[in-house]
Structures are given as C-alpha cells and as structure tokens.
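To start, the structure under review is shown below, and the notes come after it.
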Amino acid sequence: MLLAQAPTIGKEEVIRPFRTGVVKAEIYDTRSAQPQIQKTWPWKGPITEGPYHAGANAFGVGKPSTVFVPPASSRERSVWAMSSTGFAGIAQTRYTPPDPTIAVGPNHIVETVNASIAFYSKSGTLEFAVDLDNRGNPGFFEPVGAGSFVVDPKVLYDSEAGRFVVVAIEVYQPNTAWIDIAVSDDDNPHGIWYKYRTSAVVPVGSANYWVDYPSFGFDQDAYYTGGNLFRLNGSGNGTAGILFRVFKKAPMLSGDPVVFTDLRYGNSFSAQAGHHLGNSPAGYYASIGSSSSMRLYAIRNPAGTPTLVTTTVSIPGFSSPSRNSVPNLGGGGVDPLDGRVFNVSWREGRLYVAHPVVVNSAVKARWYLFNTNGWPDSGTPSLSQVGTVDPGSGIYTFFPALAENVLGDVGLVVARSSATEYVSMQMTSRTILDPLGTMGPLIQARVGDRGANGRWGDYYAIGVDPSDYTTFWAVGEYSDQAVNGWATWIQSLQVGEKVLPTSFQVTRGSLVTGSAADLHANDGAYVEVEARRPTSVAEASAEIVVSGTALADNPRALQFVLEAATSGAPTLERIEFWNFDTNQWEVVAERNGTASDSVQSASVTSNAGRFIANGTLEVRARLGFHDRGVTFVAWGSRYDLGYWRLLR
C-alpha cells in the first residue's frame, strides 16, 4: 500500500464526497431515565475485550526497521506554579479497554467509556450514569434504536455553540454498522438531547466496510467524525482507508434533520479530527503519513458541499511501538497500540498533534506544533515545534493528548510506566515563555496499585474549561485492586497564579449593572456599561478600570483574560495596563469589538514588574471600547470573566 512508501512531501490531493445522507433526530430528555444513576460498574461478570484497532503498524508506517533520528527531548525549563485537583471517574465496566474521554462545560463534566456515560459536578459528585447501549432504562443511545454493542465512544464540549456532543459506533455482523451522535440542547447535560443514528456501512467495490476507531472533532460549522474502514462483507481488501464524515452543525443545535457528507481517502489510516477553538478556515484532521511525515487533512466548505484536501509535512523520523511493549510493576507488557495519531487540537492557526514513538528502546510520547498558515485556502502548513515527553531512561510515556488555552499554555496528559512502577496518569504543561519543544516536569494525577497486561487506553483526553478558558481537565486510566480491573481518573490542571479584580470603576460611559464579583465569575452576570460620546476621538466611549493585588512584584509574565461584547459597530476593544514606573497607560492588546461574548487575552513577557506597584502589589487594567469617532447612536458594552495571570 502507499502508506509503506515515503509520500511526496507537500503534494496536495483533493477528494470529493461519494455520498450524502439525511437523518432525523430522536429528542430525548435524560431526566426521564429512572433512576438517574444506573451504575453498572464496577462490573463483576465476564469482561469483553473490544476489537483490536489495527493501525499504522499494519501498513509498515514507522516499522521497527526504520532508521530513527530522535528530536531533542523536552528540556528542563522553569517550573511554573501549577495547581491540580481530581476525582475518580467510571471504573471497570463489562468492556476492556475503557477508551475514556471527557468534556468540560461551565458547570458539569461528562465522561464516556466503553460503554457507559456519566455526568459529574466539577467537585466530582456523580449526578447521572447509564450505559450507552440498550441495557439501560433506557440506555443513552437506545431511544434511537441502538443495540447491545455501542463502543469506542467520545465526548466533547463545543465551546462555540455551548453544547455537549457524544459519538459512538455500532457494528453487527454480517451487514449492519452505525455511527451514533447526540447533541445537548444547551450547556447543561441534564435534559434534552438530540440523538441521531446514521448508517456506517460504506460500499467500496464489491465489498461493504464498517467504521472502527472513530475520530471526533468540531469547529464553528460542523461536527467531524469517521474512522478506519474494515471489511464487513463482500469481496475485497480487508481495509479501505479512512472514512471522513461531516455533520452540518446548525440543524443539530435545534434537533432538526441533519445532512451528513461522506468522503473517503484510501491511502492512509487512523486519522484524528481536530477540536477547533476559534474560527478555522477548514476542519483539520491528521494521521501518520510515513516514518518521516505527517499527513494533514482539511475539510473545505463543511457547511455547504465539503471537499477533502490533504498534504504531507516532513517530521523527524521515528519508529513505532510494538504491541504489549510497555513494562509495568507486577504485570506483563501493556499495549500502547502503535505510532498512530491520538489527538489533534487547533487554535488560531496552530495545529497540535500527538502520538508515541520509540526512543532508545522505550516508548515516549511525542508532540508537534504545525502552523497551518491559511492552508488550504492559501499557503502551506509547516512544522514549528517538536517535543518528546521523556522523564528519563527506562520510563515510558504513551497515549498523549494535548490542548492550548487562551493564554497560549499547552496542557498535556499521558500514561507513564516502567518496570519498577505501576502505570499512572500524568499531566504537564508549557507556557509562552518556555523554549521551543519543551514541556515541564510531569505531575502525577493518579497511579495504579496493581500490575496490568495487554490492552490499555485506547486513548486519553484533555480539554479547556470554558468557565475561565485556561484551566485544563483530563481523563486517564489506572489499574485498581478495589475493582479488580481498570479505573479512570478525572484531573484539572491550572498553570500560573490567578489574580481576581477586587474593584472597578466606570471611567467612560455610565454603569447599567454589575459588581466586581460579576466581572470575574463566568455565571451569566455582567458588568454592563452604556457608551457616551467621548471628549476626543482617541478616548473610549465605554470603559472601566479594574484593580487587584498581585502575588509577586516581578513576575516573568503578566497576562489578562477578558470576555466582552458590544452592540456598537464598528468598535475597537482595547486592554491597557497601568505602568507604575511612568504613571501612564500602555496598550497591551486590541481587536475589533464583537457583538457576542468572545474572549481576548493580553500578555507582557518583558519587564512585567513595571505594571505592579511597589509595596502594595496593586495591578490595574483599563478595558474599553472605542468607536473611533463621535457616538451618535446609543450602544452598550458588557464585561465578564476578567482576571490577571502571573508566571514567576
């Protein structure tokens, strides 16, 4: 197959849809499930092992005979203050491995595993739990006709639309396969969900194929899934490449019938869809192209007639892990799968990808940052950074997942193991101040207490909390004697030190409503200011000055996060810091004002101490909207979720 060959780097291919479909929603209220907590875990009966997800190794990508040229391992860097809390998630179900993922909303966390779903408060209180298949009362996908084998689930929180979304697959020999997808009606998972069951039988030549190891992502226009194609029946090859399925988002948000579009790429395997934060020019996926290239994919025009564009980018050469090649205390070899891509995340032109490689005979998690450079509409993608999570000789890291928050921090979760330690879930991070290709030291979230063998994962997951746009939440697996099997752990990670505003005053315009507490809590309450005609064009028409107390007088970086909106157009939204050395305001960030709530951040990484008062440690920020002219028509502004963040 072509995968075993080195692709022509940068050569672009365009693939068009081969079919579309329309499916109606089943509207279901989770509050009607009785009881609300239908825990079937920890499972005491026979354990079913999910189908092995053949991937890159099956096609010679990163095969052990490949010459490996290791990139520089993650170097030591400054250790930023990091706070972390966590709680136990779903434990051993009737399936192994768990395939855990989580989605984080403003007030809830949703976890999925094989084959259950649970809702938690952020303090860890279990509020809802059912099986995904038809074994519940009812099971989560049972209202749309799901059978007894609903597996490989993934859940995400669509921060663009404020919805939780779940996807899972079904396959029943000899001729039936499905992709199930469900969308909540708001940012609270309790209540109405719009559920769809879509056929996943894919005809190729004289054979039909089913979809395995699904990917799952989103952007402002669509939900993206798909997976590896394996023969279900008929005469043909055992595999047929990758299915890409695009669901138009808009109708799904109100439970209307949805149009989905299928595209197929036959010369690759195990592509993962991206989680897109911000307006993206396309929906991005990534997979291994060869032992020295990454294959990137872009779905153009997802809200219209989608097309698939693909190209490759050179990466440092690598060798893929072998099955059951990870040692652990008291167990045999744990399976890291292979060198496939596990995670893709995009924010403002930066595409993060992670997978495992072999370094000095040990499996290590490797991550990449690609600049998309406007591709596929213009430009070509390029590799910006490469890093390896390498805690030391004989220590293995695998199943990586990573994401970037609004301040440019990158959070990463991995599994860690060695011959002298149980498999654990670990987290780390990097900030905008760190050298390229580096991550900080690993922080242990949870370690197992028994040996493990064989299947693990098959993936971990991480996301950014929409209640502050900076805190990371992740889920991973550990082995637990108490349940005689696997268990999952849900962990948060906050980088740096947060400083909340303690007071504010309106300096331009007039206060409509709001308090300092409304300013820093993302709870639907705002500080609202009505604009007034400025005395000069250079001044703001609506403006507040906020004050707080820093934790140190000379940080290496001072940053600010603000969610805001305005009914005035066109306006310029500006963040300024007060310089206590010169007694002047300095502009640190500005952008065009937006009509709906959106987040802006500002960062100072040089001589940040000038913005902190000696002795009192006071910090001030001026937040304003400028209409760049004279205000004739009344308009307003609102401010929310404003706070500083220090790195020292």
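Residue numbering restarts at 1 for every chain of the structure tokens, chains are lettered A, B, ... in their displayed order, and ligands are numbered from 1 as they appear.
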
As a PyMOL selection string, list the residues of stretch 76-267 of chain A assigned to alpha helix (DSSP H) by DSSP on the backbone atoms of this structure. chain A and resi 249-252

Find the spatial neighbours of A:Gln272, counting only C-alpha atoms, within a cut-off of 6 Å - ignore same-chain residues fewer than 5 positions away - and output them as a PyMOL selection string. chain A and resi 215+285-286

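With only C-alpha atoms as the atoms that count, the minimum distance from A:Leu641 to the choices A:Ile192, A:Leu562, A:Leu369, A:Ala419 is reached by A:Leu562.
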
So that each row is one residue of stretch 135-158 of chain A with an atom at most 12 Å from stretch 108-122 of chain A, can you give its shortest atom pair and the distance in Å to one decimal, using only C-alpha atoms, rows by chain and rising number, as a Markdown table?
| residue | atom | partner | partner_atom | distance |
| --- | --- | --- | --- | --- |
| A:Arg135 | CA | A:Ser116 | CA | 10.1 |
| A:Gly136 | CA | A:Ser116 | CA | 9.6 |
| A:Gly139 | CA | A:Ser116 | CA | 8.7 |
| A:Phe140 | CA | A:Ile117 | CA | 7.7 |
| A:Phe141 | CA | A:Ile117 | CA | 10.4 |
| A:Gly147 | CA | A:Ala115 | CA | 11.8 |
| A:Ser148 | CA | A:Ala115 | CA | 9.8 |
| A:Phe149 | CA | A:Ala115 | CA | 8.3 |
| A:Val150 | CA | A:Ala115 | CA | 6.4 |
| A:Val151 | CA | A:Asn114 | CA | 5.4 |
| A:Asp152 | CA | A:Asn114 | CA | 6.2 |
| A:Pro153 | CA | A:Thr112 | CA | 6.2 |
| A:Lys154 | CA | A:Thr112 | CA | 6.3 |
| A:Val155 | CA | A:Thr112 | CA | 6.4 |
| A:Leu156 | CA | A:Val110 | CA | 8.4 |
| A:Tyr157 | CA | A:Val110 | CA | 8.7 |

Could you give me, as a list of chain:residue names, the residues within 6 Å of A:Ile395, counting only C-alpha atoms and dropping anything in the same chain fewer than 2 positions from it?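 Everything that qualifies: A:Gly392, A:Ser393, A:Ser417, A:Ser418.
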
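Taking atom CA of A:Val334 and atom CA of A:Tyr352 as endpoints, the distance between them is 25.8 Å.
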
For the interface of stretch 270-334 of chain A with stretch 590-607 of chain A (cut-off 12 Å, counting only C-alpha atoms), please tabulate each contacting residue of stretch 270-334 of chain A alongside its nearest pair of atoms and their separation in Å to one decimal, rows sorted by chain and increasing number, as CSV.
residue,atom,partner,partner_atom,distance
A:Leu277,CA,A:Val599,CA,11.0
A:Gly278,CA,A:Ser598,CA,9.6
A:Asn279,CA,A:Ser598,CA,11.5

Dump of N, CA and C atoms for the selected residues, as a PDB file, in the first residue's frame:
ATOM      1  N   LEU A 277     -10.703  25.700  18.276  1.00  0.00           N
ATOM      2  CA  LEU A 277     -11.056  26.798  19.157  1.00  0.00           C
ATOM      3  C   LEU A 277     -10.765  28.096  18.419  1.00  0.00           C
ATOM      4  N   GLY A 278     -11.826  28.816  18.069  1.00  0.00           N
ATOM      5  CA  GLY A 278     -11.695  29.974  17.199  1.00  0.00           C
ATOM      6  C   GLY A 278     -12.197  29.622  15.810  1.00  0.00           C
ATOM      7  N   ASN A 279     -12.374  30.635  14.969  1.00  0.00           N
ATOM      8  CA  ASN A 279     -12.872  30.407  13.618  1.00  0.00           C
ATOM      9  C   ASN A 279     -11.772  29.842  12.734  1.00  0.00           C
TER      10      ASN A 279
END

Mind dumping a table of every stretch 253-366 of chain A residue within 10 Å of stretch 461-484 of chain A, with the nearest atom pair and its distance in Å to one decimal, using only C-alpha atoms, sorted by chain and rising number, as a Markdown table?
| residue | atom | partner | partner_atom | distance |
| --- | --- | --- | --- | --- |
| A:His275 | CA | A:Gly463 | CA | 9.0 |
| A:Leu277 | CA | A:Val464 | CA | 9.8 |
| A:Phe342 | CA | A:Ala461 | CA | 9.0 |
| A:Asn343 | CA | A:Ala461 | CA | 7.9 |
| A:Ser345 | CA | A:Gly463 | CA | 9.4 |

Just the residues within 6 Å of A:Val246, please, counting only C-alpha atoms, with nothing from its chain fewer than 4 positions along; format it as a PyMOL selection string. chain A and resi 224+260-261

Pick out each residue of stretch 442-612 of chain A that DSSP on the backbone tags as strand (DSSP E or B); I need them as a PyMOL selection string. chain A and resi 443-447+454+461-464+472-480+485-495+497-499+503-508+510-513+527-530+542-549+557-566+572-579+584-592+598-604

Counting only C-alpha atoms, figure out which residue out of A:Thr96, A:Ser184, A:Thr310, A:Asn233 gets nearest to A:Ala207.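 Going through A:Thr96, A:Ser184, A:Thr310, A:Asn233 one by one, the smallest distance to A:Ala207 is for A:Asn233.
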
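Non-sequential neighbours of A:Ala517 (distance at most 9 Å, separation of 4 or more positions within a chain, only C-alpha atoms) are Pro501, Thr502, Ser503, Ala521, Ala525 and Tyr526 of chain A.
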
List the spatial neighbours of A:Gly457 as a list in words - criterion: any atom at most 8 Å away, only C-alpha atoms, same-chain residues fewer than 6 positions off excluded.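 In the requested format, the answer is Pro97, Pro98, Asp99, Pro100, Pro336, Phe399, Gly476 and Glu477 of chain A.
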
Between atom CA of A:Thr582 and atom CA of A:Val545, what is the distance in Å, rounded to a tenth?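 It comes out at 17.6 Å.
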
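Neighbouring residues of A:His355 at 10 Å or closer, counting only C-alpha atoms and skipping chain neighbours under 3 positions away, are A:Ser287, A:Ile288, A:Ser320, A:Asp338, A:Gly339, A:Arg340, A:Val341, A:Phe342, A:Asn343, A:Val344, A:Lys364, A:Ala365, A:Arg366, A:Trp367, A:Tyr368, A:Thr388, A:Phe398, A:Phe399, A:Pro400, A:Ala401.
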
Okay, now the selection with N, CA and C atoms, as a compact mmCIF listing (two decimals), in the first residue's frame?
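Result written to out_33.txt:
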# COMPACT_ATOMS: atom_id res chain seq x y z
N SER A 287 -2.98 12.35 10.42
CA SER A 287 -2.59 10.95 10.58
C SER A 287 -1.12 10.83 10.22
N ILE A 288 -0.52 9.70 10.56
CA ILE A 288 0.85 9.46 10.15
C ILE A 288 0.89 9.26 8.63
N SER A 320 7.78 3.13 15.36
CA SER A 320 6.55 2.94 16.12
C SER A 320 6.70 1.89 17.20
N ASP A 338 0.18 1.64 18.66
CA ASP A 338 1.26 1.77 17.68
C ASP A 338 1.61 3.24 17.56
N GLY A 339 2.17 3.65 16.45
CA GLY A 339 2.60 5.03 16.29
C GLY A 339 1.54 5.97 15.78
N ARG A 340 0.27 5.56 15.80
CA ARG A 340 -0.79 6.39 15.24
C ARG A 340 -0.97 7.71 16.00
N VAL A 341 -1.64 8.64 15.37
CA VAL A 341 -2.01 9.91 16.00
C VAL A 341 -3.17 9.65 16.96
N PHE A 342 -3.07 10.20 18.17
CA PHE A 342 -4.12 10.05 19.17
C PHE A 342 -4.93 11.32 19.39
N ASN A 343 -4.39 12.45 19.03
CA ASN A 343 -5.01 13.70 19.45
C ASN A 343 -4.64 14.81 18.49
N VAL A 344 -5.64 15.66 18.12
CA VAL A 344 -5.42 16.82 17.26
C VAL A 344 -6.20 17.99 17.85
N LYS A 364 7.97 6.68 24.01
CA LYS A 364 7.87 8.05 24.52
C LYS A 364 6.79 8.81 23.74
N ALA A 365 6.02 9.63 24.45
CA ALA A 365 5.03 10.47 23.79
C ALA A 365 5.74 11.62 23.08
N ARG A 366 5.35 11.84 21.84
CA ARG A 366 5.91 12.96 21.08
C ARG A 366 4.78 13.87 20.62
N TRP A 367 5.03 15.18 20.64
CA TRP A 367 4.03 16.14 20.20
C TRP A 367 4.64 17.09 19.16
N TYR A 368 3.76 17.63 18.34
CA TYR A 368 4.16 18.55 17.26
C TYR A 368 3.25 19.78 17.30
N THR A 388 9.43 15.80 22.92
CA THR A 388 9.27 14.44 23.40
C THR A 388 9.13 14.46 24.92
N PHE A 398 3.01 7.31 27.07
CA PHE A 398 2.21 6.91 25.91
C PHE A 398 0.77 7.40 26.08
N PHE A 399 -0.04 7.26 25.03
CA PHE A 399 -1.40 7.78 24.95
C PHE A 399 -1.46 9.28 25.26
N PRO A 400 -0.68 10.10 24.53
CA PRO A 400 -0.69 11.54 24.79
C PRO A 400 -1.91 12.24 24.22
N ALA A 401 -2.34 13.28 24.90
CA ALA A 401 -3.36 14.20 24.38
C ALA A 401 -3.01 15.59 24.88

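Each of A:Pro46, A:Pro138, A:Gly289, A:Gly105 was compared to A:Thr30 using only C-alpha atoms, and A:Pro138 turns out to be the nearest.
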
So how many Å separate atom CA of A:Ser84 and atom CA of A:Leu337, to one decimal? 28.5 Å
